[in-house]
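Below is query.txt, which holds compact mmCIF, C-alpha atoms.
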# COMPACT_ATOMS: atom_id res chain seq x y z
CA MET A 15 0.00 0.00 0.00
CA ILE A 16 2.77 2.43 0.94
CA PHE A 17 4.60 1.55 -2.26
CA LYS A 18 1.51 2.42 -4.32
CA LEU A 19 1.11 5.76 -2.54
CA LEU A 20 4.78 6.63 -3.03
CA PHE A 21 4.59 5.62 -6.67
CA ALA A 22 1.49 7.78 -7.21
CA PHE A 23 3.17 10.73 -5.43
CA PHE A 24 6.34 10.47 -7.52
CA ALA A 25 4.39 9.95 -10.75
CA LEU A 26 2.30 13.04 -10.04
CA SER A 27 5.41 15.03 -9.07
CA ALA A 28 7.15 13.98 -12.27
CA ALA A 29 4.15 15.01 -14.36
CA VAL A 30 4.01 18.43 -12.68
CA PHE A 31 7.76 18.89 -13.10
CA ALA A 32 7.56 17.91 -16.78
CA GLN A 33 4.72 20.37 -17.36
CA ASP A 34 6.68 23.15 -15.59
CA ALA A 35 9.71 22.32 -17.73
CA ASP A 36 7.55 22.44 -20.87
CA ILE A 37 6.16 25.84 -19.89
CA GLN A 38 9.63 27.19 -19.08
CA SER A 39 10.90 25.90 -22.41
CA SER A 40 8.01 27.64 -24.18
CA VAL A 41 8.64 30.85 -22.25
CA ASP A 42 12.32 30.79 -23.19
CA TYR A 43 11.50 30.12 -26.84
CA LYS A 44 8.89 32.88 -27.07
CA ALA A 45 10.96 35.45 -25.15
CA ASN A 46 14.06 34.76 -27.27
CA LYS A 47 12.02 34.94 -30.46
CA MET A 48 10.41 38.22 -29.37
CA GLN A 49 13.81 39.64 -28.46
CA ARG A 50 15.12 38.89 -31.96
CA GLU A 51 12.04 39.87 -33.97
CA LEU A 52 11.14 42.99 -31.98
CA ASN A 53 14.72 44.08 -31.27
CA LEU A 54 14.16 44.05 -27.52
CA THR A 55 16.85 45.22 -25.16
CA ASP A 56 18.18 42.73 -22.61
CA SER A 57 16.27 44.66 -19.95
CA GLN A 58 13.00 44.39 -21.88
CA ALA A 59 13.59 40.68 -22.48
CA ALA A 60 14.12 40.09 -18.77
CA LEU A 61 10.96 42.04 -17.88
CA ILE A 62 8.68 40.20 -20.34
CA ARG A 63 9.64 36.68 -19.21
CA PRO A 64 7.49 36.65 -16.04
CA ILE A 65 4.55 38.09 -18.00
CA ILE A 66 4.84 35.40 -20.66
CA LYS A 67 5.25 32.68 -18.02
CA ASP A 68 2.17 33.88 -16.13
CA TYR A 69 0.11 33.88 -19.34
CA MET A 70 1.30 30.43 -20.42
CA THR A 71 0.77 28.91 -16.97
CA LYS A 72 -2.76 30.27 -16.69
CA ARG A 73 -3.54 29.30 -20.30
CA GLN A 74 -2.36 25.74 -19.67
CA ALA A 75 -4.44 25.53 -16.48
CA ILE A 76 -7.56 26.60 -18.40
CA LEU A 77 -6.92 24.07 -21.16
CA ASP A 78 -6.16 21.30 -18.65
CA GLU A 79 -9.39 22.07 -16.80
CA VAL A 80 -11.57 21.72 -19.89
CA ALA A 81 -9.64 18.76 -21.29
CA GLY A 82 -11.37 16.38 -18.91
CA GLU A 83 -14.85 17.70 -19.56
CA GLY A 84 -17.12 15.82 -21.92
CA VAL A 85 -18.88 18.84 -23.38
CA VAL A 86 -16.89 22.05 -23.64
CA ASP A 87 -18.32 25.52 -24.15
CA HIS A 88 -15.84 26.65 -26.80
CA VAL A 89 -17.20 30.19 -26.86
CA GLU A 90 -16.58 30.53 -23.13
CA VAL A 91 -13.10 29.03 -23.39
CA LYS A 92 -12.20 31.40 -26.25
CA SER A 93 -13.58 34.33 -24.28
CA THR A 94 -11.55 33.37 -21.22
CA LEU A 95 -8.37 32.95 -23.27
CA LYS A 96 -8.93 36.29 -25.03
CA ALA A 97 -9.31 38.03 -21.67
CA LEU A 98 -6.08 36.38 -20.55
CA LYS A 99 -4.32 37.52 -23.75
CA GLU A 100 -5.68 41.04 -23.28
CA LYS A 101 -4.21 41.14 -19.78
CA GLU A 102 -0.86 39.93 -21.15
CA TYR A 103 -0.91 42.67 -23.81
CA GLN A 104 -1.71 45.33 -21.23
CA GLN A 105 1.25 44.24 -19.14
CA LEU A 106 3.57 43.99 -22.15
CA SER A 107 2.52 47.44 -23.35
CA LYS A 108 4.09 48.90 -20.21
CA ILE A 109 7.46 47.46 -21.26
CA LEU A 110 7.43 47.46 -25.07
CA SER A 111 7.33 50.51 -27.29
CA GLU A 112 4.20 51.21 -29.31
CA ASP A 113 5.98 50.02 -32.46
CA GLN A 114 7.12 46.81 -30.78
CA MET A 115 3.60 46.13 -29.49
CA GLN A 116 2.11 46.70 -32.93
CA LYS A 117 4.61 44.30 -34.52
CA LEU A 118 3.79 41.67 -31.89
CA ILE A 119 0.05 42.07 -32.36
CA ASN A 120 0.33 42.00 -36.16
CA LYS A 121 2.37 38.80 -35.96
CA GLU A 122 -0.07 37.12 -33.57
CA ASN A 123 -3.08 38.21 -35.63
CA LEU A 124 -1.38 36.82 -38.75
CA MET A 125 -0.76 33.51 -37.00
CA ALA A 126 -4.42 33.42 -35.93
CA ALA A 127 -5.53 34.15 -39.49
CA LEU A 128 -3.39 31.30 -40.76
CA ASN A 129 -4.85 28.98 -38.12
CA PRO A 130 -8.50 30.05 -37.77
CA ASP A 131 -9.50 26.82 -36.03
CA SER A 132 -7.16 27.51 -33.12
CA ILE A 133 -8.88 27.85 -29.79
CA GLU A 134 -7.16 31.23 -29.38
CA SER A 135 -7.87 32.55 -32.86
CA THR A 136 -8.17 36.32 -32.80
CA VAL A 137 -9.70 36.43 -36.25
CA ASP A 138 -13.26 35.42 -35.57
CA GLU A 139 -16.52 37.13 -34.84
CA GLY A 140 -15.09 40.53 -35.84
CA THR A 141 -12.67 40.69 -32.92
CA SER A 142 -9.03 41.68 -33.13
CA LEU A 143 -6.34 42.41 -30.60
CA THR A 144 -4.85 45.87 -30.34
CA PRO A 145 -2.13 47.37 -28.14
CA ASN A 146 -4.88 48.37 -25.71
CA GLY A 147 -6.52 44.94 -25.66
CA ALA A 148 -9.33 43.34 -27.57
CA ASN A 149 -11.14 45.45 -30.14
CA PHE A 150 -14.65 44.11 -30.31
CA LYS A 151 -16.65 44.99 -33.41
CA PHE A 152 -20.39 44.46 -33.14
Whole structure, structure tokens version:
Amino acid sequence: MIFKLLFAFFALSAAVFAQDADIQSSVDYKANKMQRELNLTDSQAALIRPIIKDYMTKRQAILDEVAGEGVVDHVEVKSTLKALKEKEYQQLSKILSEDQMQKLINKENLMAALNPDSIESTVDEGTSLTPNGANFKF
């Protein structure tokens, strides 16, 4: 019995560690890519890392939560993820220049347009992301 409990504990710990490592790897990749493509200073790159990590961690938690559900309200999930992205943009806009923010948003909107079936697509229902957050068009 004790062996089974220890095994379950270590298996769960390993899964959490692997997920944290995956998120950190994604954060590093995105931050390095943004630094190159947006010509960020080392200071800017250091400041955006915790913002990106916070976004990715919360995004993963949302996706993990709905992954086990039988029926998923995709509209609600998209809405939640858009609100999370808007918060990330608001935080990034305090660090990045207006030009850097616009380049980032244009790139992410292009990626969403190329992948319209993505759960985080910004190109649906007349909504787009701007430096000040989501721009809803009714």
Could you pull the residues within 9 Å of region 42-51 of chain A, counting only C-alpha atoms, minus those fewer than 2 positions along the same chain, as a compact mmCIF listing (two decimals) with C-alpha atoms, keeping the file's coordinate frame?
# COMPACT_ATOMS: atom_id res chain seq x y z
CA ILE A 37 6.16 25.84 -19.89
CA GLN A 38 9.63 27.19 -19.08
CA SER A 39 10.90 25.90 -22.41
CA SER A 40 8.01 27.64 -24.18
CA ASN A 53 14.72 44.08 -31.27
CA LEU A 54 14.16 44.05 -27.52
CA THR A 55 16.85 45.22 -25.16
CA ASP A 56 18.18 42.73 -22.61
CA GLN A 58 13.00 44.39 -21.88
CA ALA A 59 13.59 40.68 -22.48
CA ALA A 60 14.12 40.09 -18.77
CA ILE A 62 8.68 40.20 -20.34
CA ARG A 63 9.64 36.68 -19.21
CA ILE A 66 4.84 35.40 -20.66
CA LYS A 67 5.25 32.68 -18.02
CA LYS A 117 4.61 44.30 -34.52
CA LEU A 118 3.79 41.67 -31.89
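The space separating CA of Val41 (chain A) from CA of Met70 (chain A) comes to 7.6 Å.
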Which distance in Å separates CA of Thr94 (chain A) and CA of Leu77 (chain A), to one decimal?
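Computing it gives 10.4 Å between the two atoms.
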With all atoms listed in the file as the basis for distance, which of A:Val89, A:Leu52, A:Leu61, A:Gln74 is at the shortest distance from Asp36 (chain A)?
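Under the stated criterion, the closest residue is A:Gln74.
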I'd like to know which of A:Gly82, A:Met115, A:Thr71, A:Lys99 is closest to Ala35 (chain A), using only C-alpha atoms.
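Looking only at the distances to Ala35 (chain A), the closest residue turns out to be A:Thr71.
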Just the number, please: distance in Å from CA of Glu90 (chain A) to CA of Glu102 (chain A), one decimal.
18.4 Å
